[in-house]
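Student: Provided herewith: input26.csv, CSV, C-alpha atoms.
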chain,number,residue,atom,x,y,z
A,131,MET,CA,201.6,52.6,159.1
A,132,SER,CA,202.8,55.2,161.4
A,133,ASP,CA,200.2,54.4,164.0
A,134,ALA,CA,200.6,51.9,166.8
A,135,PRO,CA,199.7,48.2,166.0
A,136,PRO,CA,196.0,47.9,165.2
A,137,ASP,CA,193.7,47.5,168.2
A,138,PRO,CA,191.0,45.1,167.1
A,139,ALA,CA,188.7,46.5,169.7
A,140,GLU,CA,188.9,49.9,168.3
A,141,THR,CA,186.4,50.9,165.6
A,142,PRO,CA,188.3,52.5,162.8
A,143,GLY,CA,185.9,55.5,162.4
A,144,ASP,CA,186.4,59.0,161.1
A,145,PRO,CA,189.5,60.4,163.0
A,146,GLY,CA,187.7,63.7,163.1
A,147,THR,CA,185.1,62.3,165.6
A,148,PRO,CA,187.0,60.8,168.5
A,149,GLY,CA,184.9,58.5,170.6
A,150,ASP,CA,182.5,57.9,167.7
A,151,PRO,CA,181.3,54.3,168.3
A,152,GLY,CA,181.0,53.9,164.5
A,153,THR,CA,178.0,53.9,162.2
A,154,PRO,CA,175.9,50.8,162.1
A,155,ALA,CA,177.6,49.8,158.8
A,156,ASP,CA,180.9,49.7,160.7
A,157,ARG,CA,179.6,47.0,163.0
A,158,ALA,CA,177.1,45.3,160.7
A,159,GLY,CA,177.7,42.2,158.6
A,160,SER,CA,178.5,38.6,159.3
A,161,GLY,CA,181.9,37.3,160.6
A,162,SER,CA,183.1,37.0,164.1
A,163,ALA,CA,185.0,39.7,165.9
A,164,ALA,CA,188.1,37.6,165.7
A,165,ASP,CA,187.8,37.3,161.9
A,166,ARG,CA,187.3,41.0,161.5
A,167,ALA,CA,190.3,41.7,163.7
A,168,ALA,CA,192.4,39.3,161.6
A,169,VAL,CA,191.3,40.9,158.4
A,170,GLU,CA,192.1,44.3,159.7
A,171,ALA,CA,195.5,43.2,160.8
A,172,ALA,CA,196.2,41.7,157.3
A,173,ASN,CA,195.1,45.0,155.7
A,174,THR,CA,197.3,47.0,158.1
A,175,ALA,CA,200.3,44.6,157.4
A,176,PHE,CA,199.8,45.3,153.6
A,177,TYR,CA,200.2,49.1,154.0
A,178,THR,CA,203.0,48.7,156.6
A,179,ALA,CA,204.9,46.5,154.1
A,180,LEU,CA,204.5,49.2,151.5
A,181,GLU,CA,205.6,52.0,153.9
A,182,GLU,CA,208.7,50.0,154.9
A,183,GLY,CA,209.5,48.9,151.4
A,184,ASP,CA,209.4,45.4,152.7
A,185,PHE,CA,209.0,43.5,149.4
A,186,ASP,CA,209.3,40.0,151.0
A,187,GLY,CA,206.6,40.9,153.5
A,188,LEU,CA,204.4,42.1,150.8
A,189,LYS,CA,205.0,39.0,148.7
A,190,GLU,CA,203.9,36.8,151.6
A,191,LEU,CA,200.7,38.7,152.0
A,192,TRP,CA,199.5,38.1,148.4
A,193,LEU,CA,197.4,35.0,147.9
A,194,ASP,CA,199.5,32.1,146.5
A,195,ASP,CA,197.3,29.0,146.4
A,196,GLY,CA,198.3,28.1,142.8
A,197,ALA,CA,194.6,28.2,141.7
A,198,THR,CA,193.1,31.6,142.4
A,199,ASP,CA,194.1,34.5,140.2
A,200,THR,CA,195.1,37.8,142.0
A,201,SER,CA,194.6,41.2,140.4
A,202,CYS,CA,195.7,44.7,141.2
A,203,VAL,CA,194.8,48.2,140.1
A,204,HIS,CA,197.1,51.1,141.1
A,205,PRO,CA,195.6,54.6,141.0
A,206,GLY,CA,195.1,55.5,137.3
A,207,TRP,CA,196.5,52.2,136.1
A,208,PRO,CA,195.0,49.4,134.0
A,209,VAL,CA,194.3,46.0,135.7
A,210,LEU,CA,197.3,43.8,136.5
A,211,THR,CA,196.6,40.1,136.6
A,212,GLY,CA,198.4,37.3,138.2
A,213,ARG,CA,200.9,37.2,141.1
A,214,ALA,CA,204.0,37.7,138.9
A,215,GLU,CA,202.7,40.8,137.2
A,216,VAL,CA,201.3,42.2,140.5
A,217,LEU,CA,204.5,41.7,142.4
A,218,ARG,CA,206.6,43.2,139.5
A,219,SER,CA,204.6,46.4,139.7
A,220,TYR,CA,205.3,46.7,143.4
A,221,ALA,CA,209.0,46.1,142.9
A,222,LEU,CA,208.9,49.0,140.4
A,223,ILE,CA,206.9,51.3,142.7
A,224,MET,CA,209.3,50.6,145.6
A,225,ALA,CA,212.2,51.3,143.4
A,226,HIS,CA,210.8,54.8,142.5
A,227,THR,CA,209.5,55.6,146.0
A,228,ASP,CA,211.9,56.9,148.7
A,229,TYR,CA,209.1,57.7,151.2
A,230,ILE,CA,205.5,56.8,151.4
A,231,GLN,CA,203.1,57.0,154.3
A,232,PHE,CA,199.4,55.9,154.4
A,233,PHE,CA,196.9,57.4,156.8
A,234,LEU,CA,193.9,55.1,156.5
A,235,THR,CA,190.4,56.4,157.2
A,236,ASP,CA,186.8,55.2,156.6
A,237,LEU,CA,187.9,51.6,157.0
A,238,ARG,CA,185.1,49.1,156.6
A,239,ILE,CA,185.1,45.4,156.5
A,240,SER,CA,182.5,43.2,154.8
A,241,LEU,CA,182.8,39.5,155.6
A,242,ALA,CA,181.1,36.6,153.9
A,243,GLY,CA,182.4,33.0,154.3
A,244,ASP,CA,186.1,32.8,153.5
A,245,THR,CA,186.2,36.2,151.7
A,246,ALA,CA,186.5,39.7,153.2
A,247,LEU,CA,186.3,43.0,151.4
A,248,VAL,CA,188.0,46.0,153.0
A,249,THR,CA,187.2,49.5,151.8
A,250,CYS,CA,189.2,52.4,153.0
A,251,THR,CA,190.5,55.9,152.1
A,252,GLU,CA,194.2,56.0,151.7
A,253,ASN,CA,195.5,59.5,152.6
A,254,ILE,CA,198.9,59.2,151.0
A,255,LEU,CA,202.0,61.3,151.5
A,256,SER,CA,204.9,60.2,149.3
A,257,GLY,CA,208.2,61.3,147.9
A,258,GLY,CA,210.4,60.2,145.0
A,259,PRO,CA,214.1,59.8,145.0
A,260,ALA,CA,216.1,62.9,145.9
A,261,GLU,CA,217.9,65.0,143.3
A,262,ASP,CA,220.9,67.2,143.4
A,263,GLY,CA,222.0,65.9,146.8
A,264,ALA,CA,218.8,66.8,148.6
A,265,GLU,CA,217.8,64.5,151.4
A,266,LEU,CA,214.3,63.7,149.9
A,267,GLY,CA,212.4,64.4,146.7
A,268,PRO,CA,209.3,66.6,146.8
A,269,LEU,CA,206.5,65.3,148.9
A,270,VAL,CA,203.1,64.7,147.2
A,271,GLY,CA,199.7,64.2,148.8
A,272,GLN,CA,197.2,61.9,147.2
A,273,LEU,CA,193.6,61.0,148.1
A,274,VAL,CA,192.9,57.5,147.1
A,275,VAL,CA,190.1,55.0,147.8
A,276,ALA,CA,190.7,51.2,147.8
A,277,THR,CA,188.8,48.0,147.8
A,278,ASN,CA,190.9,45.1,149.1
A,279,ALA,CA,189.7,41.5,148.8
A,280,PHE,CA,191.1,38.9,151.2
A,281,ARG,CA,190.8,35.1,151.2
A,282,ARG,CA,191.0,33.0,154.3
A,283,THR,CA,193.9,30.5,154.0
A,284,PRO,CA,195.5,28.0,156.4
A,285,GLU,CA,198.2,30.6,156.8
A,286,GLY,CA,195.9,33.5,157.5
A,287,TRP,CA,194.1,36.1,155.4
A,288,ARG,CA,195.8,36.8,152.1
A,289,ILE,CA,195.3,39.5,149.5
A,290,TRP,CA,193.2,38.3,146.5
A,291,SER,CA,192.7,41.7,144.9
A,292,HIS,CA,193.6,45.4,145.4
A,293,HIS,CA,191.8,48.1,143.5
A,294,ALA,CA,192.9,51.7,144.3
A,295,SER,CA,191.7,54.9,142.5
A,296,PRO,CA,192.1,58.6,142.8
A,297,VAL,CA,189.2,60.6,144.3
A,298,LEU,CA,188.5,63.4,141.9
A,299,THR,CA,185.2,64.7,143.2
A,300,GLU,CA,184.1,66.2,146.5
A,301,PRO,CA,182.6,63.5,148.8
A,302,ASP,CA,179.3,65.3,149.1
A,303,GLU,CA,179.2,66.7,145.6
A,304,ASP,CA,175.7,66.0,144.2
A,305,ALA,CA,176.6,65.4,140.6
A,306,PRO,CA,177.0,62.3,138.4
A,307,PRO,CA,180.5,61.0,137.6
A,308,GLY,CA,182.0,62.4,134.5
A,309,PRO,CA,185.2,61.9,132.7
A,310,PRO,CA,188.2,62.8,135.0
A,311,SER,CA,189.1,65.7,132.8
A,312,ASP,CA,185.8,67.4,133.6
A,313,GLN,CA,186.4,67.1,137.4
A,314,PRO,CA,188.4,69.6,139.5
B,76,MET,CA,175.8,45.5,126.0
B,77,SER,CA,175.9,45.8,122.3
B,78,ASP,CA,177.7,42.5,121.8
B,79,ALA,CA,176.0,39.1,121.4
B,80,PRO,CA,175.3,37.2,124.6
B,81,PRO,CA,178.5,36.0,126.2
B,82,ASP,CA,179.9,32.7,125.0
B,83,PRO,CA,181.3,31.0,128.1
B,84,ALA,CA,183.5,28.8,125.8
B,85,GLU,CA,185.3,31.9,124.5
B,86,THR,CA,188.4,33.0,126.3
B,87,PRO,CA,188.2,36.7,126.8
B,88,GLY,CA,191.8,37.4,125.9
B,89,ASP,CA,193.6,40.5,124.7
B,90,PRO,CA,191.6,41.7,121.7
B,91,GLY,CA,194.9,42.8,120.1
B,92,THR,CA,196.1,39.2,119.8
B,93,PRO,CA,193.4,37.3,117.8
B,94,GLY,CA,193.7,33.5,118.0
B,95,ASP,CA,195.6,33.8,121.3
B,96,PRO,CA,194.4,30.8,123.3
B,97,GLY,CA,194.7,32.9,126.4
B,98,THR,CA,197.4,33.0,129.0
B,99,PRO,CA,197.4,30.4,131.8
B,100,ALA,CA,195.8,33.1,134.0
B,101,ASP,CA,192.7,33.1,131.7
B,102,ARG,CA,192.1,29.5,132.1
B,103,ALA,CA,193.4,28.9,135.6
B,104,GLY,CA,191.5,29.1,138.8
B,105,SER,CA,188.9,27.0,140.5
B,106,GLY,CA,185.2,27.0,139.7
B,107,SER,CA,183.3,25.0,137.2
B,108,ALA,CA,182.6,26.2,133.7
B,109,ALA,CA,179.0,26.5,134.6
B,110,ASP,CA,179.9,28.8,137.6
B,111,ARG,CA,182.1,30.9,135.4
B,112,ALA,CA,179.4,31.2,132.8
B,113,ALA,CA,176.8,32.2,135.4
B,114,VAL,CA,179.2,34.9,136.8
B,115,GLU,CA,179.9,36.3,133.4
B,116,ALA,CA,176.1,36.4,132.7
B,117,ALA,CA,175.6,38.3,135.9
B,118,ASN,CA,178.4,40.7,135.0
B,119,THR,CA,176.8,41.2,131.6
B,120,ALA,CA,173.4,41.8,133.1
B,121,PHE,CA,174.8,44.5,135.3
B,122,TYR,CA,176.1,46.5,132.4
B,123,THR,CA,173.0,45.8,130.3
B,124,ALA,CA,170.8,47.2,133.1
B,125,LEU,CA,173.0,50.4,133.2
B,126,GLU,CA,172.8,50.7,129.4
B,127,GLU,CA,169.0,50.3,129.4
B,128,GLY,CA,168.5,52.6,132.4
B,129,ASP,CA,166.7,49.6,134.0
B,130,PHE,CA,166.8,50.6,137.7
B,131,ASP,CA,164.7,47.7,138.9
B,132,GLY,CA,166.9,45.2,137.1
B,133,LEU,CA,170.0,46.8,138.6
B,134,LYS,CA,168.5,46.8,142.1
B,135,GLU,CA,167.8,43.1,141.8
B,136,LEU,CA,171.4,42.4,140.8
B,137,TRP,CA,172.9,44.0,144.0
B,138,LEU,CA,173.3,41.6,146.9
B,139,ASP,CA,170.5,41.9,149.4
B,140,ASP,CA,171.0,39.3,152.1
B,141,GLY,CA,170.5,41.6,155.1
B,142,ALA,CA,173.9,40.8,156.5
B,143,THR,CA,176.6,41.6,154.0
B,144,ASP,CA,177.5,45.2,153.3
B,145,THR,CA,177.8,46.2,149.6
B,146,SER,CA,180.1,48.9,148.4
B,147,CYS,CA,180.6,50.9,145.2
B,148,VAL,CA,183.2,53.2,143.8
B,149,HIS,CA,182.3,55.1,140.6
B,150,PRO,CA,185.3,56.5,138.6
B,151,GLY,CA,186.8,59.4,140.6
B,152,TRP,CA,184.3,59.0,143.4
B,153,PRO,CA,184.8,58.2,147.1
B,154,VAL,CA,183.5,54.8,148.5
B,155,LEU,CA,179.7,54.4,148.8
B,156,THR,CA,178.7,51.9,151.4
B,157,GLY,CA,175.4,50.0,151.8
B,158,ARG,CA,172.6,49.1,149.5
B,159,ALA,CA,170.7,52.3,150.0
B,160,GLU,CA,173.6,54.6,149.3
B,161,VAL,CA,174.8,52.6,146.3
B,162,LEU,CA,171.3,52.4,144.7
B,163,ARG,CA,170.8,56.2,145.3
B,164,SER,CA,174.0,56.9,143.3
B,165,TYR,CA,172.7,54.8,140.4
B,166,ALA,CA,169.4,56.6,140.4
B,167,LEU,CA,171.3,59.9,140.2
B,168,ILE,CA,173.6,58.7,137.4
B,169,MET,CA,170.6,57.4,135.4
B,170,ALA,CA,168.8,60.7,135.8
B,171,HIS,CA,171.8,62.5,134.3
B,172,THR,CA,172.6,60.0,131.6
B,173,ASP,CA,170.6,59.9,128.3
B,174,TYR,CA,172.9,57.4,126.6
B,175,ILE,CA,175.5,55.1,127.8
B,176,GLN,CA,177.2,52.1,126.2
B,177,PHE,CA,179.8,49.7,127.6
B,178,PHE,CA,182.2,47.8,125.4
B,179,LEU,CA,183.8,45.3,127.8
B,180,THR,CA,187.3,44.0,127.1
B,181,ASP,CA,190.0,42.1,129.0
B,182,LEU,CA,187.3,40.3,131.0
B,183,ARG,CA,188.7,37.9,133.6
B,184,ILE,CA,187.0,35.8,136.3
B,185,SER,CA,188.6,34.6,139.4
B,186,LEU,CA,186.5,32.2,141.4
B,187,ALA,CA,187.0,30.9,145.0
B,188,GLY,CA,184.2,29.2,146.9
B,189,ASP,CA,181.1,31.4,146.8
B,190,THR,CA,182.8,34.5,145.7
B,191,ALA,CA,183.9,35.6,142.2
B,192,LEU,CA,186.0,38.6,141.2
B,193,VAL,CA,185.5,39.9,137.7
B,194,THR,CA,188.0,42.4,136.3
B,195,CYS,CA,187.3,44.1,133.0
B,196,THR,CA,188.0,47.2,131.0
B,197,GLU,CA,184.9,49.4,130.4
B,198,ASN,CA,185.2,51.3,127.2
B,199,ILE,CA,182.4,53.7,127.8
B,200,LEU,CA,180.6,56.0,125.4
B,201,SER,CA,178.0,58.2,127.1
B,202,GLY,CA,176.0,61.3,126.6
B,203,GLY,CA,174.1,63.6,128.9
B,204,PRO,CA,170.7,65.2,128.4
B,205,ALA,CA,170.3,67.2,125.2
B,206,GLU,CA,170.2,70.9,125.4
B,207,ASP,CA,168.6,73.5,123.1
B,208,GLY,CA,166.3,71.0,121.4
B,209,ALA,CA,169.2,68.8,120.2
B,210,GLU,CA,168.4,65.1,120.0
B,211,LEU,CA,171.3,64.0,122.3
B,212,GLY,CA,173.9,65.8,124.4
B,213,PRO,CA,177.6,65.6,123.5
B,214,LEU,CA,179.1,62.1,123.5
B,215,VAL,CA,182.1,61.4,125.8
B,216,GLY,CA,184.4,58.4,125.7
B,217,GLN,CA,186.0,57.1,128.9
B,218,LEU,CA,188.5,54.3,129.6
B,219,VAL,CA,187.7,52.8,132.9
B,220,VAL,CA,188.7,49.5,134.7
B,221,ALA,CA,186.5,47.7,137.1
B,222,THR,CA,186.8,45.0,139.8
B,223,ASN,CA,183.4,43.5,140.4
B,224,ALA,CA,182.9,41.1,143.3
B,225,PHE,CA,179.9,38.7,143.2
B,226,ARG,CA,178.5,36.4,145.9
B,227,ARG,CA,176.7,33.2,145.1
B,228,THR,CA,173.1,33.3,146.5
B,229,PRO,CA,170.1,30.9,146.2
B,230,GLU,CA,168.8,33.4,143.6
B,231,GLY,CA,172.1,33.4,141.6
B,232,TRP,CA,175.2,35.5,141.7
B,233,ARG,CA,174.7,39.0,143.1
B,234,ILE,CA,177.0,42.1,143.1
B,235,TRP,CA,178.8,42.5,146.4
B,236,SER,CA,181.1,45.3,145.3
B,237,HIS,CA,181.9,47.4,142.2
B,238,HIS,CA,185.0,49.5,142.0
B,239,ALA,CA,185.6,51.4,138.8
B,240,SER,CA,188.4,53.8,138.1
B,241,PRO,CA,189.7,55.9,135.2
B,242,VAL,CA,192.8,54.7,133.4
B,243,LEU,CA,195.2,57.7,133.3
B,244,THR,CA,198.4,56.0,132.2
B,245,GLU,CA,199.4,54.0,129.1
B,246,PRO,CA,198.9,50.3,129.6
B,247,ASP,CA,202.6,49.6,128.9
B,248,GLU,CA,204.0,52.7,130.4
B,249,ASP,CA,207.0,51.7,132.6
B,250,ALA,CA,206.6,54.2,135.3
B,251,PRO,CA,205.3,54.2,138.9
B,252,PRO,CA,201.9,55.6,139.6
B,253,GLY,CA,201.9,59.3,140.5
B,254,PRO,CA,199.2,61.7,141.5
B,255,PRO,CA,196.5,62.0,138.7
B,256,SER,CA,197.5,65.6,138.1
B,257,ASP,CA,200.9,64.4,137.0
B,258,GLN,CA,199.5,62.0,134.4
B,259,PRO,CA,198.5,62.8,130.9
In structure tokens, what does this structure look like?

Tutor:
Amino acid sequence: MSDAPPDPAETPGDPGTPGDPGTPADRAGSGSAADRAAVEAANTAFYTALEEGDFDGLKELWLDDGATDTSCVHPGWPVLTGRAEVLRSYALIMAHTDYIQFFLTDLRISLAGDTALVTCTENILSGGPAEDGAELGPLVGQLVVATNAFRRTPEGWRIWSHHASPVLTEPDEDAPPGPPSDQP
Amino acid sequence: MSDAPPDPAETPGDPGTPGDPGTPADRAGSGSAADRAAVEAANTAFYTALEEGDFDGLKELWLDDGATDTSCVHPGWPVLTGRAEVLRSYALIMAHTDYIQFFLTDLRISLAGDTALVTCTENILSGGPAEDGAELGPLVGQLVVATNAFRRTPEGWRIWSHHASPVLTEPDEDAPPGPPSDQP
């Protein structure tokens, strides 16, 4: 990410409210502060690897215990299952992406035993390969929410599952979800 | 759901390849057959409660240990956090839904310790309240994928997180994900 290395002491609250100590949900839940900091660092490392096109770094972050199946859903995509399929999708995405930056907001960590669930809003700015000699392709903004599951391993927290999806409704819209085509 | 009760001995493989014994990923992973059957039953109960508009049944299925934060993403929605917010959203959805049916396919269970991740495709058929004296509002089909996280509790497996998102690309489309507006 473009920010400084994560500060585990800092509550990742809404950037629009500096000094906000965080809602009770930010601080609630089981898990030591050290665990939560380690999970947040792993989550940050995931997005940093994507921003830097660091495929080896990304590969190392995905769970690889030979027993537990990983899964991944990119925004608008079906489910990808298994390490090979997941990593292939990232190789493809990296090949088509010249520039991508994630501004994470609303980050929350829920810890139970050796599993952590991280939810966050990914404010994405990305650009495809340049055409006609331009320096960069057109930049596109995307509002995406993600649920990332991590497992504790002897080597640290590793990604078990990533599910990301486009936000198609207003956050405070008081209406039931409909098919995407019905949404603005 | 409209199907018969889940048969834990049956591999939930690709419905397009009958007789397929399942990929290694279907059979791999830790967790006993009894655990996997119990997780699948909890997942089925979740969708049955939604189909039947059984709010109390749904409420009972969501994790309530007083320590672990739950989260929920409905298709196209931002993240909802905490039991109260999650249950309120379901009350709202149920109030706006006269009819909903889930045909689950591609169901896979990944088990590690006291956590299970279930991924599945939700083929949804739903209808809103009737208007002008009609018996039922217009029916709408939706293709959605979900990642459901369950925690083992003394009372059985309970929903820790539900993340559902619309499928906007073809399953075998060989292209990177773009903003939803660029997709068919």

Student: Go ahead and compute the interatomic distance for CA of Asp236 in chain A and CA of Thr249 in chain A, in Å to one decimal.

Tutor: 7.5 Å

Student: Write out as a PyMOL selection string each polymer residue whose atoms come within 6 Å of range 118-127 of chain B, counting all atoms listed in the file; drop sequence neighbours fewer than 4 positions from it.

Tutor: chain B and resi 76+132-133+175-176

Student: Check the smallest atom-to-atom distance from each of B:Leu182, B:Ala205, B:Leu162, B:Leu167 to chain A using all atoms listed in the file, then report the winner.

Tutor: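 Checking each of B:Leu182, B:Ala205, B:Leu162, B:Leu167 against chain A, counting all atoms listed in the file, the winner is B:Leu167.
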
Student: Which residue is closest to Gln217 in chain B? Choose from B:Ala170, B:Ala159, B:Ile199, B:Ile234 and count all atoms listed in the file.

Tutor: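 Distance minimum relative to Gln217 in chain B lands on B:Ile199.
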
Student: My list of candidates is B:Gly128, B:Pro153, B:Gly106, B:Pro241. Which is closest to Gly188 in chain B when distances are computed with only C-alpha atoms?

Tutor: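 Under the stated criterion, the closest residue is B:Gly106.
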
Student: When distances are computed from all atoms listed in the file, which of B:Ala108, B:Ala116, B:Val154, B:Ala166 shows the smallest separation from chain A?

Tutor: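 Closest to chain A, using all atoms listed in the file: B:Val154.
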
Student: Between CA of Asp228 in chain A and CA of Pro259 in chain A, what is the distance in Å, rounded to a tenth?

Tutor: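 Atom-to-atom, CA of Asp228 in chain A and CA of Pro259 in chain A are spaced 5.2 Å apart.
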
Student: Dump as a PyMOL selection string all residues having an atom at most 7 Å from (193.6, 43.8, 139.1), computed in the file's coordinates with only C-alpha atoms.

Tutor: (chain A and resi 200-203+209-211+291-293) or (chain B and resi 194+222)

Student: Taking all atoms listed in the file into account, which of A:Ile223, A:Ala164, A:Val216, A:Leu247 comes nearest chain B?

Tutor: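 Closest to chain B of all the choices is A:Ile223.
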
Student: Have a look at CA of Val114 in chain B and CA of Phe225 in chain B and let me know their distance in Å, one decimal.

Tutor: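 Separation of CA of Val114 in chain B and CA of Phe225 in chain B: 7.5 Å.
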
Student: Taking all atoms listed in the file into account, which of B:Met169, B:Ser185, B:Thr228, B:Ala113 comes nearest chain A?

Tutor: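 Closest residue, counting all atoms listed in the file: B:Ser185.
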
Student: Show me the residues close to (192.2, 57.7, 145.8) - anything with an atom within 10 Å, counting all atoms listed in the file - and format the list as a list in words.

Tutor: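 The distance filter leaves exactly His204, Pro205, Gly206, Cys250, Thr251, Glu252, Asn253, Ile254, Gln272, Leu273, Val274, Val275, Ala276, His293, Ala294, Ser295, Pro296, Val297 and Leu298 of chain A; Gly151, Trp152, Pro153, Val154, Ser240, Pro254 and Pro255 of chain B.
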
Student: As an MDAnalysis selection string, please: the residues near Ser256 in chain A (cut-off 6 Å, all atoms listed in the file, same-chain neighbours under 4 positions excluded).

Tutor: chainID A and resid 229:230 269:270

Student: Export, as a PDB file, in the frame of the given file, the selected residues with C-alpha atoms.

Tutor:
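Generated output (result-v1.pdb):
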ATOM      1  CA  TYR A 229     209.100  57.700 151.200  1.00  0.00           C
ATOM      2  CA  ILE A 230     205.500  56.800 151.400  1.00  0.00           C
ATOM      3  CA  LEU A 269     206.500  65.300 148.900  1.00  0.00           C
ATOM      4  CA  VAL A 270     203.100  64.700 147.200  1.00  0.00           C
TER       5      VAL A 270
END

Student: Around range 219-228 of chain B, fit a box with edges along x, y and z, padding it by 5 Å on each side, then list its centre and edge lengths in Å to one decimal as AutoDock Vina command-line options.

Tutor:
--center_x 180.9 --center_y 43.0 --center_z 139.7 --size_x 25.6 --size_y 29.6 --size_z 23.6
